[in-house]
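Trainee: mmCIF, C-alpha atoms, file protein_28.cif:
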data_run
loop_
_atom_site.group_PDB
_atom_site.id
_atom_site.type_symbol
_atom_site.label_atom_id
_atom_site.label_comp_id
_atom_site.auth_asym_id
_atom_site.auth_seq_id
_atom_site.Cartn_x
_atom_site.Cartn_y
_atom_site.Cartn_z
ATOM 1 C CA MET R 315 -4.203 -36.484 0.469
ATOM 2 C CA GLY R 316 -5.535 -33.247 1.995
ATOM 3 C CA GLU R 317 -8.367 -31.290 0.386
ATOM 4 C CA GLY R 318 -6.109 -28.246 -0.056
ATOM 5 C CA LEU R 319 -3.546 -30.283 -1.996
ATOM 6 C CA LYS R 320 -6.278 -31.770 -4.192
ATOM 7 C CA GLN R 321 -7.517 -28.271 -5.053
ATOM 8 C CA CYS R 322 -3.981 -27.164 -5.963
ATOM 9 C CA ILE R 323 -3.584 -30.179 -8.265
ATOM 10 C CA ARG R 324 -6.933 -29.503 -9.957
ATOM 11 C CA LEU R 325 -5.992 -25.832 -10.398
ATOM 12 C CA SER R 326 -2.613 -26.767 -11.890
ATOM 13 C CA GLN R 327 -4.250 -29.230 -14.269
ATOM 14 C CA GLY R 328 -6.743 -26.556 -15.398
ATOM 15 C CA ILE R 329 -3.960 -24.047 -16.073
ATOM 16 C CA PHE R 330 -1.994 -26.676 -18.015
ATOM 17 C CA ARG R 331 -5.036 -27.524 -20.175
ATOM 18 C CA ARG R 332 -5.618 -23.846 -20.964
ATOM 19 C CA LEU R 333 -1.979 -23.277 -21.873
ATOM 20 C CA ARG R 334 -2.058 -26.350 -24.058
ATOM 21 C CA ARG R 335 -5.237 -25.172 -25.832
ATOM 22 C CA TRP R 336 -3.628 -21.770 -26.403
ATOM 23 C CA LYS R 337 -0.456 -23.310 -27.796
ATOM 24 C CA TYR R 338 -2.174 -25.763 -30.112
ATOM 25 C CA GLY R 339 -5.085 -23.468 -30.927
ATOM 26 C CA TRP R 340 -2.802 -20.821 -32.451
ATOM 27 C CA ASN R 341 0.619 -22.238 -33.246
ATOM 28 C CA ARG R 342 -0.600 -25.549 -34.569
ATOM 29 C CA TRP R 343 -4.157 -24.930 -35.706
ATOM 30 C CA VAL R 344 -3.991 -21.451 -37.250
ATOM 31 C CA THR R 345 -1.382 -21.167 -39.990
ATOM 32 C CA TRP R 346 -0.047 -17.961 -41.453
ATOM 33 C CA PRO R 347 1.316 -18.513 -44.995
ATOM 34 C CA GLN R 348 3.698 -16.123 -46.759
ATOM 35 C CA ARG R 349 0.899 -13.843 -47.918
ATOM 36 C CA VAL R 350 -0.812 -13.571 -44.561
ATOM 37 C CA THR R 351 -3.692 -11.796 -42.950
ATOM 38 C CA ARG R 352 -3.193 -10.896 -39.333
ATOM 39 C CA LYS R 353 -6.662 -9.356 -39.466
ATOM 40 C CA LEU R 354 -8.305 -12.418 -37.958
ATOM 41 C CA THR R 355 -10.948 -11.935 -35.277
ATOM 42 C CA LEU R 356 -11.865 -15.050 -33.317
ATOM 43 C CA ALA R 357 -14.690 -14.490 -30.850
ATOM 44 C CA PRO R 358 -14.919 -16.429 -27.568
ATOM 45 C CA LYS R 359 -15.878 -20.094 -27.668
ATOM 46 C CA VAL R 360 -14.768 -20.665 -31.264
ATOM 47 C CA ARG R 361 -13.591 -24.278 -31.480
ATOM 48 C CA LEU R 362 -10.967 -25.470 -33.958
ATOM 49 C CA TYR R 363 -10.837 -29.206 -34.665
ATOM 50 C CA VAL R 364 -8.736 -28.965 -37.843
ATOM 51 C CA PRO R 365 -6.071 -26.475 -38.978
ATOM 52 C CA LEU R 366 -7.367 -23.070 -40.088
ATOM 53 C CA ARG R 367 -5.399 -21.456 -42.935
ATOM 54 C CA CYS R 368 -5.847 -17.695 -43.301
ATOM 55 C CA ASP R 369 -4.531 -16.057 -46.485
ATOM 56 C CA GLY R 370 -4.723 -12.620 -48.045
ATOM 57 C CA ASP R 371 -4.666 -8.960 -47.065
ATOM 58 C CA GLY R 372 -8.300 -8.673 -45.954
ATOM 59 C CA HIS R 373 -10.223 -9.361 -42.768
ATOM 60 C CA VAL R 374 -11.634 -12.654 -41.473
ATOM 61 C CA GLU R 375 -14.105 -12.748 -38.597
ATOM 62 C CA ILE R 376 -15.537 -15.810 -36.855
ATOM 63 C CA ALA R 377 -18.299 -15.112 -34.352
ATOM 64 C CA GLU R 378 -18.943 -16.677 -30.969
ATOM 65 C CA GLY R 379 -19.633 -20.369 -30.619
ATOM 66 C CA SER R 380 -18.733 -21.474 -34.136
ATOM 67 C CA LYS R 381 -17.052 -24.832 -34.686
ATOM 68 C CA MET R 382 -14.446 -25.266 -37.413
ATOM 69 C CA GLY R 383 -13.922 -28.868 -38.482
ATOM 70 C CA GLY R 384 -15.552 -32.148 -37.574
ATOM 71 C CA ARG R 385 -13.716 -34.762 -35.552
ATOM 72 C CA ASN R 386 -15.896 -37.577 -36.900
ATOM 73 C CA SER R 387 -16.470 -36.184 -40.406
ATOM 74 C CA VAL R 388 -14.853 -37.152 -43.702
ATOM 75 C CA ARG R 389 -11.354 -35.701 -43.830
ATOM 76 C CA TYR R 390 -8.795 -35.428 -46.610
ATOM 77 C CA GLY R 391 -5.278 -34.880 -45.321
ATOM 78 C CA ASP R 392 -5.445 -32.873 -42.120
ATOM 79 C CA GLY R 393 -8.838 -31.404 -43.044
ATOM 80 C CA THR R 394 -7.546 -27.823 -43.308
ATOM 81 C CA ILE R 395 -10.167 -25.090 -43.691
ATOM 82 C CA LEU R 396 -9.077 -22.238 -45.999
ATOM 83 C CA LEU R 397 -10.363 -18.701 -45.396
ATOM 84 C CA GLN R 398 -8.789 -16.365 -47.946
ATOM 85 C CA ALA R 399 -9.724 -12.670 -48.020
ATOM 86 C CA ARG R 400 -7.436 -11.679 -50.880
ATOM 87 C CA ASP R 401 -7.448 -7.883 -51.048
ATOM 88 C CA PRO R 402 -7.204 -5.229 -48.317
ATOM 89 C CA LYS R 403 -10.934 -4.467 -48.673
ATOM 90 C CA SER R 404 -11.986 -8.125 -48.841
ATOM 91 C CA HIS R 405 -13.748 -9.665 -45.894
ATOM 92 C CA ILE R 406 -15.146 -12.984 -44.742
ATOM 93 C CA ARG R 407 -17.594 -13.067 -41.865
ATOM 94 C CA ILE R 408 -18.858 -16.254 -40.239
ATOM 95 C CA GLY R 409 -21.779 -15.835 -37.834
ATOM 96 C CA LYS R 410 -22.547 -17.289 -34.433
ATOM 97 C CA ASN R 411 -22.869 -21.005 -33.740
ATOM 98 C CA CYS R 412 -21.967 -22.153 -37.232
ATOM 99 C CA ALA R 413 -20.620 -25.671 -37.752
ATOM 100 C CA PHE R 414 -18.095 -26.331 -40.516
ATOM 101 C CA SER R 415 -17.020 -29.782 -41.618
ATOM 102 C CA ASN R 416 -13.538 -30.457 -43.005
ATOM 103 C CA ASN R 417 -11.697 -29.222 -46.124
ATOM 104 C CA VAL R 418 -13.973 -26.201 -46.623
ATOM 105 C CA SER R 419 -12.615 -23.306 -48.707
ATOM 106 C CA ILE R 420 -13.923 -19.728 -48.787
ATOM 107 C CA ILE R 421 -12.226 -17.203 -51.068
ATOM 108 C CA SER R 422 -13.265 -13.557 -51.159
ATOM 109 C CA MET R 423 -12.262 -10.714 -53.446
ATOM 110 C CA GLU R 424 -15.045 -8.554 -52.026
ATOM 111 C CA SER R 425 -17.396 -10.044 -49.435
ATOM 112 C CA VAL R 426 -18.545 -13.444 -48.207
ATOM 113 C CA GLU R 427 -20.963 -13.360 -45.269
ATOM 114 C CA ILE R 428 -22.339 -16.429 -43.526
ATOM 115 C CA GLY R 429 -25.191 -15.932 -41.072
ATOM 116 C CA ASP R 430 -25.763 -17.500 -37.682
ATOM 117 C CA ASP R 431 -26.416 -21.213 -37.108
ATOM 118 C CA CYS R 432 -25.295 -22.341 -40.577
ATOM 119 C CA LEU R 433 -24.110 -25.882 -41.356
ATOM 120 C CA ILE R 434 -21.327 -26.258 -43.937
ATOM 121 C CA GLY R 435 -20.515 -29.764 -45.233
ATOM 122 C CA GLU R 436 -17.131 -31.172 -46.142
ATOM 123 C CA LEU R 437 -15.366 -29.970 -49.297
ATOM 124 C CA VAL R 438 -17.744 -27.023 -49.734
ATOM 125 C CA SER R 439 -16.329 -24.176 -51.839
ATOM 126 C CA ILE R 440 -17.627 -20.583 -51.667
ATOM 127 C CA MET R 441 -16.150 -17.909 -53.971
ATOM 128 C CA ASP R 442 -17.318 -14.390 -54.760
ATOM 129 C CA SER R 443 -15.342 -14.188 -58.023
ATOM 130 C CA ASP R 444 -14.588 -16.277 -61.110
ATOM 131 C CA PHE R 445 -10.978 -15.007 -60.882
ATOM 132 C CA HIS R 446 -10.536 -15.205 -64.679
ATOM 133 C CA GLY R 447 -12.486 -13.670 -67.548
ATOM 134 C CA ILE R 448 -14.314 -15.558 -70.282
ATOM 135 C CA ASP R 449 -12.600 -13.621 -73.085
ATOM 136 C CA SER R 450 -9.458 -15.602 -73.926
ATOM 137 C CA ASP R 451 -7.489 -12.423 -74.639
ATOM 138 C CA LYS R 452 -8.176 -11.088 -71.162
ATOM 139 C CA ARG R 453 -8.188 -14.314 -69.192
ATOM 140 C CA ARG R 454 -4.842 -13.629 -67.551
ATOM 141 C CA SER R 455 -5.682 -10.010 -66.732
ATOM 142 C CA ASP R 456 -5.493 -8.898 -63.127
ATOM 143 C CA PHE R 457 -8.960 -7.344 -63.428
ATOM 144 C CA VAL R 458 -11.626 -9.781 -62.277
ATOM 145 C CA HIS R 459 -15.346 -9.424 -61.636
ATOM 146 C CA SER R 460 -16.645 -10.118 -58.147
ATOM 147 C CA ALA R 461 -20.034 -9.937 -56.446
ATOM 148 C CA PRO R 462 -20.833 -10.485 -52.753
ATOM 149 C CA VAL R 463 -22.015 -13.856 -51.509
ATOM 150 C CA LYS R 464 -24.380 -14.121 -48.555
ATOM 151 C CA LEU R 465 -25.775 -17.076 -46.643
ATOM 152 C CA GLU R 466 -28.612 -15.985 -44.383
ATOM 153 C CA ASN R 467 -29.253 -17.577 -40.988
ATOM 154 C CA ASN R 468 -29.693 -21.324 -40.572
ATOM 155 C CA VAL R 469 -28.595 -22.347 -44.071
ATOM 156 C CA TRP R 470 -27.350 -25.908 -44.591
ATOM 157 C CA LEU R 471 -24.908 -26.668 -47.407
ATOM 158 C CA GLY R 472 -24.411 -30.381 -48.101
ATOM 159 C CA SER R 473 -21.040 -31.890 -48.917
ATOM 160 C CA ARG R 474 -19.147 -30.720 -52.037
ATOM 161 C CA VAL R 475 -21.495 -27.814 -52.733
ATOM 162 C CA ILE R 476 -20.042 -24.948 -54.797
ATOM 163 C CA VAL R 477 -21.440 -21.447 -54.280
ATOM 164 C CA GLN R 478 -20.478 -18.882 -56.926
ATOM 165 C CA LYS R 479 -20.334 -15.100 -57.041
ATOM 166 C CA GLY R 480 -23.375 -12.899 -56.480
ATOM 167 C CA VAL R 481 -25.434 -15.604 -54.769
ATOM 168 C CA THR R 482 -27.680 -15.091 -51.758
ATOM 169 C CA ILE R 483 -29.103 -18.195 -50.084
ATOM 170 C CA GLY R 484 -32.189 -17.387 -48.040
ATOM 171 C CA ALA R 485 -32.725 -18.245 -44.389
ATOM 172 C CA ASN R 486 -33.423 -21.882 -43.441
ATOM 173 C CA SER R 487 -32.702 -23.198 -46.937
ATOM 174 C CA ILE R 488 -30.889 -26.442 -47.737
ATOM 175 C CA ILE R 489 -28.563 -27.078 -50.680
ATOM 176 C CA THR R 490 -28.219 -30.764 -51.533
ATOM 177 C CA PRO R 491 -24.778 -32.394 -51.918
ATOM 178 C CA ASN R 492 -22.733 -31.771 -55.081
ATOM 179 C CA ALA R 493 -24.894 -28.832 -56.202
ATOM 180 C CA VAL R 494 -23.422 -25.821 -58.006
ATOM 181 C CA VAL R 495 -25.248 -22.670 -56.938
ATOM 182 C CA THR R 496 -25.010 -19.997 -59.641
ATOM 183 C CA SER R 497 -28.086 -17.906 -58.749
ATOM 184 C CA SER R 498 -29.839 -16.882 -55.555
ATOM 185 C CA VAL R 499 -32.059 -19.298 -53.627
ATOM 186 C CA PRO R 500 -35.159 -18.068 -51.742
ATOM 187 C CA PRO R 501 -35.689 -18.712 -48.020
ATOM 188 C CA ASN R 502 -37.214 -21.954 -46.731
ATOM 189 C CA THR R 503 -36.484 -24.041 -49.803
ATOM 190 C CA ILE R 504 -34.462 -27.102 -50.798
ATOM 191 C CA ALA R 505 -32.352 -26.639 -53.927
ATOM 192 C CA GLY R 506 -29.993 -28.963 -55.773
ATOM 193 C CA GLY R 507 -28.472 -29.906 -59.107
ATOM 194 C CA ILE R 508 -26.071 -28.324 -61.612
ATOM 195 C CA PRO R 509 -26.944 -25.519 -61.781
ATOM 196 C CA ALA R 510 -28.969 -25.597 -58.575
ATOM 197 C CA LYS R 511 -32.749 -25.245 -58.893
ATOM 198 C CA VAL R 512 -35.454 -25.135 -56.246
ATOM 199 C CA ILE R 513 -36.751 -28.663 -55.580
ATOM 200 C CA ARG R 514 -39.441 -27.844 -53.061
ATOM 201 C CA SER R 515 -40.374 -25.578 -50.182
ATOM 202 C CA ILE R 516 -39.698 -26.421 -46.565
ATOM 203 C CA VAL R 517 -42.896 -26.538 -44.519
ATOM 204 C CA ARG R 518 -42.173 -25.415 -40.988
ATOM 205 C CA ASP R 519 -43.616 -27.698 -38.323
ATOM 206 C CA SER R 520 -46.306 -25.709 -36.552
ATOM 207 C CA GLY R 521 -46.743 -28.322 -33.851
#
Would you give me this structure, written as structure tokens?
Mentor:
Amino acid sequence: MGEGLKQCIRLSQGIFRRLRRWKYGWNRWVTWPQRVTRKLTLAPKVRLYVPLRCDGDGHVEIAEGSKMGGRNSVRYGDGTILLQARDPKSHIRIGKNCAFSNNVSIISMESVEIGDDCLIGELVSIMDSDFHGIDSDKRRSDFVHSAPVKLENNVWLGSRVIVQKGVTIGANSIITPNAVVTSSVPPNTIAGGIPAKVIRSIVRDSG
């Protein structure tokens, strides 16, 4: 086989792989339910290993190099990741080089921001609203309280962590599995429990 023919075959194979990634990356892996958001911004080099479900009227942004889903991680069903920015002014922003495991859900009435280089374990839930009031007479009211949620850079959330409204988790901090985070966590700490409390500080290796 001549070298020119080999190059043509390699080129054809590369084009086929790219077309296949485009087809499966959007038609199969990103789903648009009835109440959809077309305001999805996927930066270059975002990798999708499980379906990504985008709901709501707001804006969802995933920055360069982030990975959505883990091929070797625990998975329930198809491992779908839910990103739901409910209202027109709602937004969800995921920073650069983040790694999400499977079955993660993020729901925003106002703002959920995740910094760069964050690790998000399987079955993590992040919500910036309680969605229902405490007062039983008003529990079905459309008016709900919300407060922005922010994860600073290099935060690690263990599996099944729940992060509630108004929480900021400081840079480099770790939340242990199954914790419920109801108040902000300072940088460079490990926190866990229900509700989550600081367990200890993280000492950076100076060597």
Trainee: Just checking: using only C-alpha atoms, which residue out of R:Glu424, R:Arg361, R:Arg407, R:Ile476 ends up closest to Val438 of chain R?
Mentor: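 Nearest to Val438 of chain R: R:Ile476.
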Trainee: Considering only C-alpha atoms, can you say which of R:Asn411, R:Gly370, R:Val494, R:Pro501 comes closest to Cys432 of chain R?
Mentor: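 That would be R:Asn411, the residue with the smallest distance to Cys432 of chain R.
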Trainee: Any idea what's packed within 10 Å of Lys353 of chain R, counting only C-alpha atoms, ignoring anything in its chain fewer than 2 positions away? Could you give it as a list in words?
Mentor: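 Counting only the stated atoms, we get Val350, Thr351, Thr355, Leu356, Cys368, Asp369, Gly370, Asp371, Gly372, His373, Val374, Glu375, Ala399, Pro402 and His405 of chain R.
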Trainee: Using Å and a single decimal, report how far atom CA of Thr496 of chain R sits from atom CA of Thr482 of chain R.
Mentor: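 It comes out at 9.7 Å.
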Trainee: Given only C-alpha atoms as the basis, pick out the residue of R:Ser404, R:Val512, R:Pro500, R:Asp431 nearest to Ala461 of chain R.
Mentor: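 Closest candidate: R:Ser404.
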Trainee: Ranking R:Leu397, R:Leu362, R:Ile420, R:Ala493 by minimum distance to Ser473 of chain R and counting all atoms listed in the file, which one comes first?
Mentor: R:Ala493
Trainee: Enter the distance from atom CA of Asp430 of chain R to atom CA of Ala485 of chain R, in Å, rounded to one decimal.
Mentor: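 Rounded to one decimal, the two atoms are 9.7 Å apart.
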Trainee: List as a PyMOL selection string the protein and nucleic acid residues near Ile434 of chain R, meaning an atom at most 12 Å away when only C-alpha atoms are counted, but skip any in the same chain fewer than 6 places from it.
Mentor: chain R and resi 380-384+387+395+408+411-420+428+440+465+468-477+488-491
Trainee: What gap, in Å, lies between atom CA of Arg518 of chain R and atom CA of Ala505 of chain R?
Mentor: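 Atom-to-atom, atom CA of Arg518 of chain R to atom CA of Ala505 of chain R, that is 16.3 Å.
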Trainee: For segment 484-518 of chain R, where the input has fewer atoms than it should, I would like N, CA and C atoms rebuilt and written as a PDB file, in the frame of the given file.
Mentor:
ATOM      1  N   GLY R 484     -31.269 -17.875 -49.056  1.00  0.00           N
ATOM      2  CA  GLY R 484     -32.189 -17.387 -48.040  1.00  0.00           C
ATOM      3  C   GLY R 484     -32.203 -18.220 -46.772  1.00  0.00           C
ATOM      4  N   ALA R 485     -32.706 -17.625 -45.714  1.00  0.00           N
ATOM      5  CA  ALA R 485     -32.725 -18.245 -44.389  1.00  0.00           C
ATOM      6  C   ALA R 485     -33.430 -19.600 -44.420  1.00  0.00           C
ATOM      7  N   ASN R 486     -32.858 -20.542 -43.667  1.00  0.00           N
ATOM      8  CA  ASN R 486     -33.423 -21.882 -43.441  1.00  0.00           C
ATOM      9  C   ASN R 486     -33.339 -22.809 -44.653  1.00  0.00           C
ATOM     10  N   SER R 487     -32.735 -22.368 -45.735  1.00  0.00           N
ATOM     11  CA  SER R 487     -32.702 -23.198 -46.937  1.00  0.00           C
ATOM     12  C   SER R 487     -31.619 -24.265 -46.866  1.00  0.00           C
ATOM     13  N   ILE R 488     -31.806 -25.304 -47.677  1.00  0.00           N
ATOM     14  CA  ILE R 488     -30.889 -26.442 -47.737  1.00  0.00           C
ATOM     15  C   ILE R 488     -30.426 -26.600 -49.182  1.00  0.00           C
ATOM     16  N   ILE R 489     -29.120 -26.775 -49.363  1.00  0.00           N
ATOM     17  CA  ILE R 489     -28.563 -27.078 -50.680  1.00  0.00           C
ATOM     18  C   ILE R 489     -28.059 -28.511 -50.651  1.00  0.00           C
ATOM     19  N   THR R 490     -28.555 -29.339 -51.557  1.00  0.00           N
ATOM     20  CA  THR R 490     -28.219 -30.764 -51.533  1.00  0.00           C
ATOM     21  C   THR R 490     -26.777 -31.000 -51.969  1.00  0.00           C
ATOM     22  N   PRO R 491     -26.174 -32.123 -51.588  1.00  0.00           N
ATOM     23  CA  PRO R 491     -24.778 -32.394 -51.918  1.00  0.00           C
ATOM     24  C   PRO R 491     -24.488 -32.315 -53.415  1.00  0.00           C
ATOM     25  N   ASN R 492     -23.273 -31.841 -53.716  1.00  0.00           N
ATOM     26  CA  ASN R 492     -22.733 -31.771 -55.081  1.00  0.00           C
ATOM     27  C   ASN R 492     -23.391 -30.702 -55.964  1.00  0.00           C
ATOM     28  N   ALA R 493     -24.250 -29.876 -55.415  1.00  0.00           N
ATOM     29  CA  ALA R 493     -24.894 -28.832 -56.202  1.00  0.00           C
ATOM     30  C   ALA R 493     -23.918 -27.707 -56.518  1.00  0.00           C
ATOM     31  N   VAL R 494     -24.167 -27.025 -57.641  1.00  0.00           N
ATOM     32  CA  VAL R 494     -23.422 -25.821 -58.006  1.00  0.00           C
ATOM     33  C   VAL R 494     -24.426 -24.673 -58.035  1.00  0.00           C
ATOM     34  N   VAL R 495     -24.274 -23.749 -57.103  1.00  0.00           N
ATOM     35  CA  VAL R 495     -25.248 -22.670 -56.938  1.00  0.00           C
ATOM     36  C   VAL R 495     -24.744 -21.448 -57.701  1.00  0.00           C
ATOM     37  N   THR R 496     -25.422 -21.117 -58.795  1.00  0.00           N
ATOM     38  CA  THR R 496     -25.010 -19.997 -59.641  1.00  0.00           C
ATOM     39  C   THR R 496     -25.958 -18.809 -59.546  1.00  0.00           C
ATOM     40  N   SER R 497     -27.127 -18.993 -58.921  1.00  0.00           N
ATOM     41  CA  SER R 497     -28.086 -17.906 -58.749  1.00  0.00           C
ATOM     42  C   SER R 497     -28.719 -18.025 -57.371  1.00  0.00           C
ATOM     43  N   SER R 498     -29.334 -16.944 -56.926  1.00  0.00           N
ATOM     44  CA  SER R 498     -29.839 -16.882 -55.555  1.00  0.00           C
ATOM     45  C   SER R 498     -30.976 -17.874 -55.310  1.00  0.00           C
ATOM     46  N   VAL R 499     -31.063 -18.309 -54.060  1.00  0.00           N
ATOM     47  CA  VAL R 499     -32.059 -19.298 -53.627  1.00  0.00           C
ATOM     48  C   VAL R 499     -32.947 -18.637 -52.577  1.00  0.00           C
ATOM     49  N   PRO R 500     -34.273 -18.721 -52.719  1.00  0.00           N
ATOM     50  CA  PRO R 500     -35.159 -18.068 -51.742  1.00  0.00           C
ATOM     51  C   PRO R 500     -35.138 -18.773 -50.389  1.00  0.00           C
ATOM     52  N   PRO R 501     -35.627 -18.099 -49.353  1.00  0.00           N
ATOM     53  CA  PRO R 501     -35.689 -18.712 -48.020  1.00  0.00           C
ATOM     54  C   PRO R 501     -36.602 -19.935 -47.998  1.00  0.00           C
ATOM     55  N   ASN R 502     -36.326 -20.816 -47.028  1.00  0.00           N
ATOM     56  CA  ASN R 502     -37.214 -21.954 -46.731  1.00  0.00           C
ATOM     57  C   ASN R 502     -37.450 -22.852 -47.938  1.00  0.00           C
ATOM     58  N   THR R 503     -36.376 -23.147 -48.657  1.00  0.00           N
ATOM     59  CA  THR R 503     -36.484 -24.041 -49.803  1.00  0.00           C
ATOM     60  C   THR R 503     -35.333 -25.037 -49.797  1.00  0.00           C
ATOM     61  N   ILE R 504     -35.531 -26.139 -50.529  1.00  0.00           N
ATOM     62  CA  ILE R 504     -34.462 -27.102 -50.798  1.00  0.00           C
ATOM     63  C   ILE R 504     -34.102 -26.958 -52.266  1.00  0.00           C
ATOM     64  N   ALA R 505     -32.817 -26.789 -52.547  1.00  0.00           N
ATOM     65  CA  ALA R 505     -32.352 -26.639 -53.927  1.00  0.00           C
ATOM     66  C   ALA R 505     -31.210 -27.607 -54.177  1.00  0.00           C
ATOM     67  N   GLY R 506     -31.077 -28.043 -55.434  1.00  0.00           N
ATOM     68  CA  GLY R 506     -29.993 -28.963 -55.773  1.00  0.00           C
ATOM     69  C   GLY R 506     -29.813 -29.039 -57.272  1.00  0.00           C
ATOM     70  N   GLY R 507     -28.744 -29.716 -57.696  1.00  0.00           N
ATOM     71  CA  GLY R 507     -28.472 -29.906 -59.107  1.00  0.00           C
ATOM     72  C   GLY R 507     -27.382 -28.989 -59.629  1.00  0.00           C
ATOM     73  N   ILE R 508     -27.087 -29.133 -60.931  1.00  0.00           N
ATOM     74  CA  ILE R 508     -26.071 -28.324 -61.612  1.00  0.00           C
ATOM     75  C   ILE R 508     -26.698 -27.756 -62.882  1.00  0.00           C
ATOM     76  N   PRO R 509     -26.980 -26.457 -62.915  1.00  0.00           N
ATOM     77  CA  PRO R 509     -26.944 -25.519 -61.781  1.00  0.00           C
ATOM     78  C   PRO R 509     -28.103 -25.782 -60.825  1.00  0.00           C
ATOM     79  N   ALA R 510     -27.963 -25.304 -59.604  1.00  0.00           N
ATOM     80  CA  ALA R 510     -28.969 -25.597 -58.575  1.00  0.00           C
ATOM     81  C   ALA R 510     -30.305 -24.941 -58.897  1.00  0.00           C
ATOM     82  N   LYS R 511     -31.373 -25.713 -58.727  1.00  0.00           N
ATOM     83  CA  LYS R 511     -32.749 -25.245 -58.893  1.00  0.00           C
ATOM     84  C   LYS R 511     -33.542 -25.613 -57.649  1.00  0.00           C
ATOM     85  N   VAL R 512     -34.602 -24.838 -57.395  1.00  0.00           N
ATOM     86  CA  VAL R 512     -35.454 -25.135 -56.246  1.00  0.00           C
ATOM     87  C   VAL R 512     -36.171 -26.464 -56.483  1.00  0.00           C
ATOM     88  N   ILE R 513     -36.083 -27.360 -55.508  1.00  0.00           N
ATOM     89  CA  ILE R 513     -36.751 -28.663 -55.580  1.00  0.00           C
ATOM     90  C   ILE R 513     -38.126 -28.589 -54.923  1.00  0.00           C
ATOM     91  N   ARG R 514     -38.160 -28.011 -53.739  1.00  0.00           N
ATOM     92  CA  ARG R 514     -39.441 -27.844 -53.061  1.00  0.00           C
ATOM     93  C   ARG R 514     -39.263 -26.873 -51.906  1.00  0.00           C
ATOM     94  N   SER R 515     -40.389 -26.444 -51.358  1.00  0.00           N
ATOM     95  CA  SER R 515     -40.374 -25.578 -50.182  1.00  0.00           C
ATOM     96  C   SER R 515     -40.249 -26.418 -48.913  1.00  0.00           C
ATOM     97  N   ILE R 516     -39.764 -25.780 -47.869  1.00  0.00           N
ATOM     98  CA  ILE R 516     -39.698 -26.421 -46.565  1.00  0.00           C
ATOM     99  C   ILE R 516     -40.894 -25.945 -45.757  1.00  0.00           C
ATOM    100  N   VAL R 517     -41.718 -26.875 -45.321  1.00  0.00           N
ATOM    101  CA  VAL R 517     -42.896 -26.538 -44.519  1.00  0.00           C
ATOM    102  C   VAL R 517     -42.482 -26.601 -43.061  1.00  0.00           C
ATOM    103  N   ARG R 518     -42.553 -25.464 -42.398  1.00  0.00           N
ATOM    104  CA  ARG R 518     -42.173 -25.415 -40.988  1.00  0.00           C
ATOM    105  C   ARG R 518     -43.209 -26.145 -40.145  1.00  0.00           C
TER     106      ARG R 518
END
